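Novice: What follows is coords-v9.cif, made up of mmCIF, C-alpha atoms:
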data_my_file
#
loop_
_atom_site.label_atom_id
_atom_site.label_comp_id
_atom_site.auth_asym_id
_atom_site.auth_seq_id
_atom_site.Cartn_x
_atom_site.Cartn_y
_atom_site.Cartn_z
CA MET A 1 -37.27 150.77 173.10
CA SER A 2 -40.10 151.93 171.02
CA SER A 3 -40.82 155.20 172.67
CA ASN A 4 -37.44 156.72 172.18
CA LYS A 5 -37.29 155.36 168.70
CA SER A 6 -40.57 157.01 167.87
CA ALA A 7 -39.43 160.23 169.44
CA THR A 8 -36.34 160.59 167.36
CA THR A 9 -37.37 159.30 163.99
CA SER A 10 -40.07 160.45 161.68
CA SER A 11 -43.29 158.52 161.66
CA LYS A 12 -44.31 156.42 158.71
CA GLY A 13 -47.13 158.72 157.68
CA SER A 14 -45.13 161.94 157.83
CA SER A 15 -41.95 162.92 156.03
CA LEU A 16 -41.11 165.43 158.78
CA SER A 17 -38.99 164.45 161.76
CA LEU A 18 -39.68 165.43 165.35
CA ASP A 19 -36.85 167.97 165.07
CA THR A 20 -38.48 169.61 162.08
CA TRP A 21 -41.85 169.77 163.82
CA ALA A 22 -40.16 171.43 166.80
CA VAL A 23 -38.54 174.03 164.52
CA ILE A 24 -41.85 174.71 162.72
CA ALA A 25 -43.70 175.09 166.03
CA ALA A 26 -41.02 177.44 167.36
CA LEU A 27 -41.07 179.58 164.22
CA LEU A 28 -44.88 179.78 164.28
CA LEU A 29 -44.75 180.91 167.90
CA ALA A 30 -42.05 183.46 167.05
CA LEU A 31 -44.16 184.80 164.17
CA ALA A 32 -47.24 184.97 166.41
CA LEU A 33 -45.26 187.09 168.87
CA ARG A 34 -43.68 189.20 166.13
CA PHE A 35 -47.06 190.12 164.65
CA ASP A 36 -48.76 190.59 168.03
CA ILE A 37 -51.08 187.60 167.64
CA ILE A 38 -49.65 186.59 171.01
CA LYS A 39 -49.09 189.74 173.05
CA ASN A 40 -47.07 188.55 175.99
CA VAL A 41 -46.02 185.26 177.56
CA PRO A 42 -45.56 185.58 181.31
CA TRP A 43 -43.43 183.26 183.42
CA MET B 1 -37.99 150.30 177.36
CA ALA B 2 -35.27 149.37 179.71
CA SER B 3 -34.86 151.86 182.47
CA SER B 4 -37.99 153.85 182.18
CA ILE B 5 -41.70 153.47 181.75
CA SER B 6 -42.74 152.04 178.42
CA LEU B 7 -43.90 154.87 176.21
CA PRO B 8 -45.95 153.88 173.17
CA ARG B 9 -45.51 155.17 169.67
CA VAL B 10 -47.92 157.84 168.42
CA GLU B 11 -49.08 156.23 165.19
CA PRO B 12 -49.64 158.28 162.06
CA GLY B 13 -53.23 158.72 161.07
CA ASN B 14 -56.02 161.10 161.87
CA PRO B 15 -54.35 164.22 163.37
CA LEU B 16 -57.40 164.96 165.52
CA LEU B 17 -57.39 161.46 166.99
CA ASN B 18 -53.64 161.71 167.64
CA ALA B 19 -54.14 165.06 169.37
CA LEU B 20 -56.81 163.47 171.56
CA ARG B 21 -54.49 160.53 172.34
CA ILE B 22 -51.67 162.74 173.56
CA LEU B 23 -53.91 165.23 175.38
CA PRO B 24 -54.16 163.41 178.78
CA GLY B 25 -50.39 162.92 179.02
CA VAL B 26 -49.63 166.50 177.97
CA VAL B 27 -52.12 167.77 180.56
CA LEU B 28 -50.34 165.58 183.14
CA LEU B 29 -46.93 167.03 182.15
CA ALA B 30 -48.33 170.58 182.31
CA GLY B 31 -50.05 169.86 185.63
CA ILE B 32 -46.83 168.53 187.19
CA GLY B 33 -44.87 171.47 185.78
CA TYR B 34 -47.32 174.02 187.11
CA ALA B 35 -47.48 172.29 190.50
CA ALA B 36 -43.66 172.51 190.58
CA LYS B 37 -43.79 176.25 189.99
CA ILE B 38 -46.40 176.70 192.72
CA LEU B 39 -44.39 174.52 195.12
CA GLU B 40 -41.22 176.51 194.49
CA ARG B 41 -42.97 179.78 195.28
CA SER B 42 -45.03 178.58 198.25
CA VAL B 43 -42.26 176.58 199.96
CA ASN B 44 -39.86 179.52 199.67
CA THR B 45 -42.48 181.98 200.93
CA TYR B 46 -43.39 179.65 203.83
CA ALA B 47 -39.73 179.21 204.78
CA LYS B 48 -39.15 182.97 204.70
CA THR B 49 -42.29 183.75 206.69
CA HIS B 50 -41.34 181.24 209.39
CA HIS B 51 -37.65 182.25 209.31
CA TRP B 52 -36.54 178.77 208.33
CA THR B 53 -33.15 178.11 206.84
CA PHE B 54 -34.32 176.06 203.90
CA PRO B 55 -32.51 175.50 200.59
CA ASN B 56 -34.12 177.20 197.62
CA ILE B 57 -35.55 174.24 195.70
CA GLU B 58 -36.25 175.37 192.17
CA TYR B 59 -39.21 174.33 190.02
CA VAL B 60 -36.84 172.15 187.95
CA LEU B 61 -36.16 169.84 190.89
CA TRP B 62 -39.79 169.86 192.04
CA ALA B 63 -40.96 168.86 188.54
CA ILE B 64 -38.46 166.00 188.37
CA LEU B 65 -39.23 164.85 191.92
CA ILE B 66 -43.01 164.85 191.42
CA GLY B 67 -42.55 162.88 188.20
CA LEU B 68 -40.21 160.42 189.94
CA VAL B 69 -42.63 159.88 192.82
CA ILE B 70 -45.54 159.24 190.44
CA SER B 71 -43.64 156.86 188.16
CA ASN B 72 -42.12 154.92 191.05
CA THR B 73 -45.16 154.60 193.29
CA LEU B 74 -48.14 154.45 190.94
CA ALA B 75 -48.88 152.44 187.85
CA ILE B 76 -49.37 155.17 185.25
CA PRO B 77 -52.54 154.39 183.24
CA ARG B 78 -51.87 153.67 179.56
CA LEU B 79 -54.10 156.61 178.66
CA PHE B 80 -51.34 159.01 179.73
CA LEU B 81 -48.38 157.32 178.01
CA PRO B 82 -48.66 158.80 174.46
CA GLY B 83 -48.73 162.31 175.90
CA ILE B 84 -45.83 161.66 178.29
CA ALA B 85 -43.81 160.50 175.25
CA THR B 86 -44.07 164.04 173.85
CA TYR B 87 -41.53 165.29 176.41
CA GLU B 88 -38.82 165.05 173.75
CA PHE B 89 -40.80 167.34 171.45
CA TRP B 90 -41.06 169.90 174.29
CA LEU B 91 -37.32 169.57 174.88
CA LYS B 92 -36.50 170.38 171.25
CA LEU B 93 -39.06 173.15 171.08
CA GLY B 94 -37.53 174.62 174.25
CA ILE B 95 -34.02 174.46 172.79
CA VAL B 96 -35.04 176.15 169.53
CA LEU B 97 -36.80 178.93 171.45
CA LEU B 98 -33.83 179.26 173.79
CA GLY B 99 -31.98 180.63 170.75
CA ALA B 100 -33.77 183.91 171.59
CA ARG B 101 -31.66 184.21 174.72
CA PHE B 102 -28.36 184.08 172.85
CA VAL B 103 -27.02 186.73 170.53
CA LEU B 104 -24.77 185.34 167.81
CA ALA B 105 -21.64 186.76 169.45
CA ASP B 106 -22.37 184.60 172.55
CA ILE B 107 -22.85 181.54 170.40
CA LEU B 108 -19.64 182.18 168.48
CA LYS B 109 -17.63 182.65 171.67
CA LEU B 110 -19.14 179.97 173.90
CA GLY B 111 -20.00 177.69 170.98
CA GLY B 112 -16.39 177.85 169.77
CA ILE B 113 -15.05 176.94 173.21
CA SER B 114 -17.72 174.24 173.52
CA LEU B 115 -16.84 172.76 170.14
CA ALA B 116 -13.14 172.60 170.98
CA LEU B 117 -13.92 170.88 174.29
CA VAL B 118 -16.49 168.61 172.62
CA VAL B 119 -13.92 167.26 170.15
CA ILE B 120 -11.52 166.43 173.00
CA GLU B 121 -14.35 164.99 175.12
CA ILE B 122 -15.62 162.75 172.30
CA THR B 123 -12.17 161.41 171.49
CA LEU B 124 -11.39 160.63 175.13
CA SER B 125 -14.84 159.17 175.85
CA LEU B 126 -14.80 156.85 172.84
CA ALA B 127 -11.35 155.57 173.75
CA LEU B 128 -12.21 155.16 177.43
CA MET B 129 -15.49 153.31 176.91
CA THR B 130 -13.88 151.01 174.34
CA VAL B 131 -11.08 150.08 176.73
CA LEU B 132 -13.52 149.54 179.63
CA GLY B 133 -15.91 147.50 177.48
CA ARG B 134 -13.09 145.20 176.32
CA LEU B 135 -11.81 144.90 179.89
CA PHE B 136 -15.26 143.73 181.05
CA LYS B 137 -15.62 141.48 177.96
CA LEU B 138 -18.82 143.10 176.71
CA LYS B 139 -20.07 142.27 173.20
CA PRO B 140 -18.26 144.41 170.58
CA LYS B 141 -21.40 146.13 169.28
CA LEU B 142 -22.62 146.84 172.80
CA ILE B 143 -19.23 148.49 173.43
CA SER B 144 -19.75 150.62 170.30
CA LEU B 145 -23.23 151.66 171.45
CA LEU B 146 -22.08 152.50 174.98
CA ALA B 147 -19.13 154.47 173.57
CA ILE B 148 -21.34 156.45 171.16
CA GLY B 149 -24.01 157.02 173.83
CA SER B 150 -21.57 158.35 176.40
CA ALA B 151 -19.41 160.31 173.96
CA VAL B 152 -22.11 162.10 171.98
CA CYS B 153 -25.68 162.42 173.04
CA GLY B 154 -27.18 159.54 174.88
CA VAL B 155 -30.33 157.89 173.66
CA SER B 156 -30.61 159.65 170.27
CA ALA B 157 -27.04 158.68 169.37
CA ILE B 158 -27.58 155.07 170.39
CA ILE B 159 -30.75 154.87 168.30
CA ALA B 160 -29.01 156.50 165.33
CA ALA B 161 -26.08 154.09 165.68
CA LYS B 162 -28.21 150.98 166.19
CA GLY B 163 -29.46 151.02 162.61
CA ALA B 164 -26.15 152.13 161.15
CA ILE B 165 -24.09 149.32 162.70
CA ASP B 166 -26.83 146.65 162.70
CA ALA B 167 -26.73 146.22 166.48
CA ASP B 168 -29.41 144.04 168.04
CA ASP B 169 -32.31 145.25 170.19
CA GLU B 170 -30.94 143.76 173.39
CA ASP B 171 -27.62 145.60 173.07
CA SER B 172 -29.24 148.95 172.37
CA SER B 173 -31.70 148.40 175.22
CA PHE B 174 -28.79 147.73 177.62
CA ALA B 175 -26.88 150.77 176.40
CA ILE B 176 -29.93 153.04 176.66
CA ALA B 177 -30.70 151.71 180.15
CA ALA B 178 -27.18 152.48 181.34
CA ILE B 179 -27.18 155.97 179.82
CA LEU B 180 -30.60 156.87 181.27
CA ALA B 181 -29.83 155.48 184.71
CA LEU B 182 -26.58 157.40 184.89
CA GLY B 183 -28.27 160.50 183.53
CA ALA B 184 -30.79 160.34 186.38
CA LEU B 185 -27.96 160.07 188.91
CA SER B 186 -26.12 163.01 187.38
CA LEU B 187 -29.12 165.25 188.09
CA PHE B 188 -28.26 165.03 191.76
CA THR B 189 -24.49 164.59 191.73
CA PHE B 190 -23.42 167.27 189.23
CA PRO B 191 -24.97 170.27 191.00
CA ALA B 192 -23.77 169.02 194.41
CA ILE B 193 -20.17 168.65 193.19
CA ALA B 194 -20.27 172.02 191.43
CA HIS B 195 -21.58 173.77 194.55
CA SER B 196 -18.80 172.22 196.62
CA LEU B 197 -16.24 173.48 194.06
CA HIS B 198 -17.91 176.94 193.89
CA MET B 199 -18.05 176.75 190.10
CA ASN B 200 -19.37 179.75 188.22
CA ASP B 201 -22.45 179.45 185.99
CA VAL B 202 -20.58 179.28 182.67
CA SER B 203 -18.07 176.67 183.85
CA TYR B 204 -20.78 174.52 185.40
CA GLY B 205 -23.04 174.86 182.35
CA LEU B 206 -20.20 173.72 180.11
CA TRP B 207 -19.47 170.79 182.41
CA ALA B 208 -23.12 169.69 182.49
CA GLY B 209 -23.36 169.98 178.70
CA LEU B 210 -20.18 167.96 178.20
CA GLY B 211 -20.53 165.44 181.01
CA VAL B 212 -24.23 164.51 181.06
CA ASP B 213 -25.16 162.31 178.15
CA ASN B 214 -28.84 162.64 177.40
CA THR B 215 -30.02 166.07 176.26
CA ALA B 216 -33.03 166.22 178.59
CA GLU B 217 -30.91 165.36 181.64
CA ALA B 218 -28.12 167.75 180.58
CA THR B 219 -30.69 170.56 180.26
CA ALA B 220 -32.19 169.71 183.64
CA ALA B 221 -28.79 169.34 185.33
CA GLY B 222 -27.83 172.79 184.04
CA ALA B 223 -31.10 174.41 185.06
CA LEU B 224 -30.86 172.85 188.53
CA TYR B 225 -27.75 174.97 189.16
CA SER B 226 -29.02 178.27 187.78
CA ASP B 227 -30.87 179.77 184.85
CA ALA B 228 -27.60 181.02 183.33
CA ALA B 229 -25.92 177.63 183.77
CA GLY B 230 -28.93 176.00 182.11
CA LYS B 231 -28.47 178.20 179.02
CA VAL B 232 -24.79 177.31 178.72
CA ALA B 233 -25.47 173.61 179.33
CA VAL B 234 -27.91 173.57 176.40
CA LEU B 235 -25.40 175.35 174.15
CA ALA B 236 -22.59 172.92 175.03
CA LYS B 237 -24.90 169.92 174.66
CA THR B 238 -26.10 171.24 171.30
CA ALA B 239 -22.49 171.52 170.10
CA ARG B 240 -22.04 167.89 171.20
CA ASN B 241 -25.26 166.81 169.46
CA ALA B 242 -24.00 168.37 166.22
CA MET B 243 -21.27 165.71 166.13
CA ILE B 244 -23.67 162.77 166.16
CA GLY B 245 -23.54 162.16 162.39
CA PHE B 246 -19.74 162.14 162.20
CA VAL B 247 -19.29 159.68 165.08
CA VAL B 248 -22.04 157.33 163.87
CA LEU B 249 -20.61 157.48 160.34
CA ALA B 250 -17.16 156.51 161.62
CA TYR B 251 -18.62 153.51 163.45
CA ALA B 252 -20.77 152.53 160.44
CA ILE B 253 -17.66 152.52 158.23
CA TYR B 254 -15.74 150.53 160.87
CA TRP B 255 -18.42 147.81 161.12
CA ALA B 256 -19.05 147.76 157.37
CA GLY B 257 -15.32 147.17 156.90
CA ARG B 258 -15.72 144.04 159.04
CA GLY B 259 -18.70 142.91 156.99
CA GLN B 260 -21.06 143.33 159.94
CA ALA B 261 -23.01 146.39 158.75
CA GLN B 262 -24.21 147.81 155.45
CA THR B 263 -21.80 149.95 153.44
CA VAL B 264 -22.48 153.70 153.50
CA SER B 265 -22.74 154.74 149.85
CA ASN B 266 -23.67 158.41 150.21
CA LYS B 267 -21.83 159.91 153.18
CA ALA B 268 -23.27 163.42 152.80
CA ALA B 269 -26.85 162.07 152.84
CA PHE B 270 -25.93 159.87 155.83
CA LEU B 271 -24.62 162.90 157.74
CA TRP B 272 -27.60 165.11 156.84
CA LYS B 273 -30.11 162.44 157.84
CA ARG B 274 -28.55 162.18 161.30
CA PHE B 275 -27.86 165.87 161.83
CA PRO B 276 -30.16 167.19 164.60
CA LYS B 277 -32.22 169.74 162.65
CA PHE B 278 -33.38 171.56 165.77
CA ILE B 279 -29.86 173.05 165.99
CA LEU B 280 -30.60 174.96 162.77
CA GLY B 281 -33.82 176.29 164.33
CA PHE B 282 -31.89 177.37 167.44
CA LEU B 283 -29.37 179.24 165.26
CA LEU B 284 -32.13 180.81 163.14
CA ILE B 285 -33.99 182.20 166.17
CA SER B 286 -30.71 183.52 167.59
CA LEU B 287 -29.90 185.12 164.23
CA LEU B 288 -33.31 186.82 164.10
CA VAL B 289 -32.86 188.16 167.64
CA SER B 290 -29.31 189.34 166.86
CA PHE B 291 -30.63 191.33 163.90
CA HIS B 292 -33.40 192.88 166.06
CA ALA B 293 -36.32 191.15 164.36
CA PHE B 294 -38.05 191.18 167.77
CA ASN B 295 -38.42 193.91 170.38
CA ASN B 296 -37.28 193.37 173.98
CA GLY B 297 -40.73 192.30 175.18
CA GLN B 298 -41.02 189.73 172.40
CA VAL B 299 -37.54 188.35 173.16
CA THR B 300 -38.55 187.98 176.82
CA SER B 301 -41.73 186.18 175.75
CA LEU B 302 -39.75 183.80 173.51
CA GLY B 303 -37.45 183.04 176.46
CA ASN B 304 -40.49 182.42 178.66
CA LEU B 305 -42.02 180.08 176.07
CA SER B 306 -38.75 178.16 176.13
CA LYS B 307 -38.99 177.86 179.93
CA TRP B 308 -42.57 176.55 179.69
CA ALA B 309 -41.49 173.95 177.13
CA PHE B 310 -38.62 172.88 179.40
CA LEU B 311 -41.00 172.65 182.35
CA LEU B 312 -42.98 169.94 180.52
CA THR B 313 -39.68 168.24 179.61
CA PHE B 314 -38.51 168.12 183.24
CA ALA B 315 -41.84 166.60 184.30
CA GLY B 316 -41.33 163.99 181.56
CA VAL B 317 -37.78 163.23 182.73
CA GLY B 318 -39.14 162.36 186.18
CA LEU B 319 -42.11 160.40 184.82
CA ARG B 320 -40.08 158.16 182.55
CA THR B 321 -37.51 157.19 185.21
CA ASN B 322 -38.38 153.98 186.98
CA PHE B 323 -35.82 152.69 189.47
CA ARG B 324 -37.43 149.22 189.70
CA ASP B 325 -36.96 148.68 185.95
CA MET B 326 -33.38 149.96 186.17
CA SER B 327 -32.49 147.35 188.78
CA LYS B 328 -33.64 144.56 186.41
CA GLN B 329 -30.95 145.40 183.85
CA GLY B 330 -27.74 143.44 183.48
CA LEU B 331 -25.06 144.48 185.92
CA ARG B 332 -21.97 144.43 183.67
CA PRO B 333 -23.13 147.02 181.10
CA PHE B 334 -24.24 149.21 183.99
CA ILE B 335 -20.86 148.89 185.75
CA VAL B 336 -19.01 149.71 182.53
CA GLY B 337 -21.36 152.64 181.92
CA ALA B 338 -21.02 153.87 185.50
CA LEU B 339 -17.23 153.56 185.55
CA GLY B 340 -16.99 155.27 182.18
CA GLU B 341 -19.36 158.05 183.18
CA VAL B 342 -17.51 158.77 186.41
CA LEU B 343 -14.21 158.94 184.53
CA ILE B 344 -15.73 161.07 181.76
CA ALA B 345 -17.26 163.38 184.37
CA CYS B 346 -13.81 163.79 185.96
CA LEU B 347 -12.16 164.33 182.56
CA THR B 348 -14.72 166.90 181.44
CA LEU B 349 -14.49 168.65 184.80
CA GLY B 350 -10.72 168.89 184.30
CA LEU B 351 -11.24 170.17 180.74
CA VAL B 352 -13.67 172.86 181.86
CA LEU B 353 -11.51 173.98 184.78
CA GLY B 354 -8.54 174.13 182.38
CA ALA B 355 -10.58 176.15 179.85
CA ASN B 356 -11.63 178.45 182.69
CA ARG B 357 -7.98 179.14 183.43
CA ILE B 358 -7.09 179.72 179.79
CA TRP B 359 -10.10 181.71 178.60
CA GLY B 360 -11.45 183.00 181.93
CA LEU B 361 -15.01 181.70 181.41
#
Written as structure tokens, that's how I'd like the structure from this file.
Specialist:
Amino acid sequence: MSSNKSATTSSKGSSLSLDTWAVIAALLLALALRFDIIKNVPW
Amino acid sequence: MASSISLPRVEPGNPLLNALRILPGVVLLAGIGYAAKILERSVNTYAKTHHWTFPNIEYVLWAILIGLVISNTLAIPRLFLPGIATYEFWLKLGIVLLGARFVLADILKLGGISLALVVIEITLSLALMTVLGRLFKLKPKLISLLAIGSAVCGVSAIIAAKGAIDADDEDSSFAIAAILALGALSLFTFPAIAHSLHMNDVSYGLWAGLGVDNTAEATAAGALYSDAAGKVAVLAKTARNAMIGFVVLAYAIYWAGRGQAQTVSNKAAFLWKRFPKFILGFLLISLLVSFHAFNNGQVTSLGNLSKWAFLLTFAGVGLRTNFRDMSKQGLRPFIVGALGEVLIACLTLGLVLGANRIWGL
């Protein structure tokens, strides 16, 4: 089941796992909100 | 892939090319998610305007249903598959950002209750699936995979265990198929049962987090009941996910002792490698919010970003579920999985109702 395997393990070319990328992306978004780079996210 | 559409691997290489490869699928996920939001609003408005008695179908269900209809009636062009495979990234991003909607005190209280229930649930589930697997004469390593998948966290746990216990591809494919098929069924059965029992949001959220195996389905099953239940389901499921390393390690040692898997030399490294790192991100965001690093508007925006990420996840859950492929799987693993899941669902329901009596959830 290649897809799930690829989704949960790091790729050969990157030492970062999917989890780590998700954390980095979330922190970048949080920083962007904190410093008003993103003003408001509506729902 | 056994019970769902075959999603290809995004190969390392040129980041720009990879971004272009995933773009069509991500646009499809976003399109389905946005259509689900529009459908929720317009159907409810239409029903109100015409004085219909119509159940409030939330965007979560619409997103899953649209995905299911597409994946089961159309052949999804290969162009979209790499992007659809990103649904797990959106799930983890959504969970990390959801940390903004919990202050640490909530996590300590609910997380503590969840952890206590998780330990009981894991012990009972492992024992139950092992007994059922032996009763139905399944292969020993398939029994291990089914037990780990149903006790801890579905597909991720099975994949983590596959390498650790040297299980073969066929066994892991069977186990994953059973877990995903049953996860899809739980999306519809869990909320219906909870409504009939008039469960409150916290109790139901705990039940969904403990009883539904795969994280995406547990998140969706929680959100299908209510926003508050969705939050609790993610917290309980996260507590369960945190145990993945310990359970897989125990099985690795068991199989190594029988000379059928490699010996684990460094247990701490083994545990760290399998620990779901997104849990640390979730706790970090919650910690920052608890110490007022963000104002109220920013916290709301973080919560909304989490909802958008989950919206793409729910579309992905529908798109990857293919009932035709499910029916091609072997019957015995599915029966064992189904029997086990029903019993585990009953056990976890009993646990949650008991906890509700003791702690007044």
Novice: What is the CA of Ile107 (chain B) to CA of Gly297 (chain B) distance in Å?
Specialist: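 CA of Gly297 (chain B) lies at a distance of 21.4 Å from CA of Ile107 (chain B).
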Novice: Find the spatial neighbours of Asp36 (chain A), counting all atoms listed in the file, within a cut-off of 12 Å - ignore same-chain residues fewer than 6 positions away - and output them as a compact mmCIF listing (two decimals) with C-alpha atoms, in the frame of the given file.
Specialist:
# COMPACT_ATOMS: atom_id res chain seq x y z
CA LEU A 29 -44.75 180.91 167.90
CA ALA A 30 -42.05 183.46 167.05
CA PHE B 294 -38.05 191.18 167.77
CA ASN B 295 -38.42 193.91 170.38
CA GLY B 297 -40.73 192.30 175.18
CA GLN B 298 -41.02 189.73 172.40
CA SER B 301 -41.73 186.18 175.75
Novice: From the options B:Ala157, B:Leu142, B:Leu81, B:Val234, which residue's atoms come nearest to Leu319 (chain B), counting all atoms listed in the file?
Specialist: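 Counting all atoms listed in the file, the residue closest to Leu319 (chain B) is B:Leu81.
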Novice: As an exercise, work out the distance from CA of Leu16 (chain A) to CA of Phe80 (chain B) in Å and give it to one decimal place.
Specialist: 24.2 Å
Novice: Write out as a ChimeraX atom specification which residues come within 10 Å of region 20-28 of chain A when counting all atoms listed in the file, dropping same-chain ones fewer than 2 positions away.
Specialist: /A:10,15-18,30-34 /B:88-98,276-282,284-285,302,305-306
Novice: Within 6 Å of region 170-186 of chain B, counting only C-alpha atoms, which residues show up once you throw out same-chain ones fewer than 3 positions away? Write them as a count of residues only, please.
Specialist: 10
Novice: Record the distance separating CA of Ala127 (chain B) and CA of Leu108 (chain B), expressed in Å with one decimal.
Specialist: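 Between CA of Ala127 (chain B) and CA of Leu108 (chain B) the gap works out to 28.4 Å.
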Novice: Which is closest to Ala223 (chain B) among B:Leu249, B:Ala63, B:Val152, B:Ala242, if we use only C-alpha atoms?
Specialist: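 Closest to Ala223 (chain B) of all the choices is B:Ala63.
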Novice: Enumerate, as a ChimeraX atom specification, the residues matched when the PyMOL selection byres ((chain B and resi 60) around 8) is run on the file above.
Specialist: /B:36,58-59,61-64,220,223-224,311,314
Novice: Name the residues captured by the PyMOL selection byres ((chain B and resi 28-35) around 7) when it is applied to the shown file; answer as an MDAnalysis selection string.
Specialist: chainID B and resid 24:27 36:39 63 66 84 311:312 315:316
Novice: Take the residues from that selection and put them in a file with C-alpha atoms, as a PDB file, keeping the file's coordinate frame.
Specialist:
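As written to disk, out.pdb reads:
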ATOM      1  CA  PRO B  24     -54.160 163.410 178.780  1.00  0.00           C
ATOM      2  CA  GLY B  25     -50.390 162.920 179.020  1.00  0.00           C
ATOM      3  CA  VAL B  26     -49.630 166.500 177.970  1.00  0.00           C
ATOM      4  CA  VAL B  27     -52.120 167.770 180.560  1.00  0.00           C
ATOM      5  CA  ALA B  36     -43.660 172.510 190.580  1.00  0.00           C
ATOM      6  CA  LYS B  37     -43.790 176.250 189.990  1.00  0.00           C
ATOM      7  CA  ILE B  38     -46.400 176.700 192.720  1.00  0.00           C
ATOM      8  CA  LEU B  39     -44.390 174.520 195.120  1.00  0.00           C
ATOM      9  CA  ALA B  63     -40.960 168.860 188.540  1.00  0.00           C
ATOM     10  CA  ILE B  66     -43.010 164.850 191.420  1.00  0.00           C
ATOM     11  CA  ILE B  84     -45.830 161.660 178.290  1.00  0.00           C
ATOM     12  CA  LEU B 311     -41.000 172.650 182.350  1.00  0.00           C
ATOM     13  CA  LEU B 312     -42.980 169.940 180.520  1.00  0.00           C
ATOM     14  CA  ALA B 315     -41.840 166.600 184.300  1.00  0.00           C
ATOM     15  CA  GLY B 316     -41.330 163.990 181.560  1.00  0.00           C
TER      16      GLY B 316
END
Novice: Measuring atom to atom with only C-alpha atoms, identify which of B:Ala160, B:Leu197, B:Ala221, B:Ala228 is nearest to chain A.
Specialist: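 Smallest distance to chain A is found for B:Ala160.
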Novice: Between B:Asn72, B:Thr49, B:Thr86, B:Thr238, which one has atoms that come closest to chain A, using all atoms listed in the file?
Specialist: B:Thr86
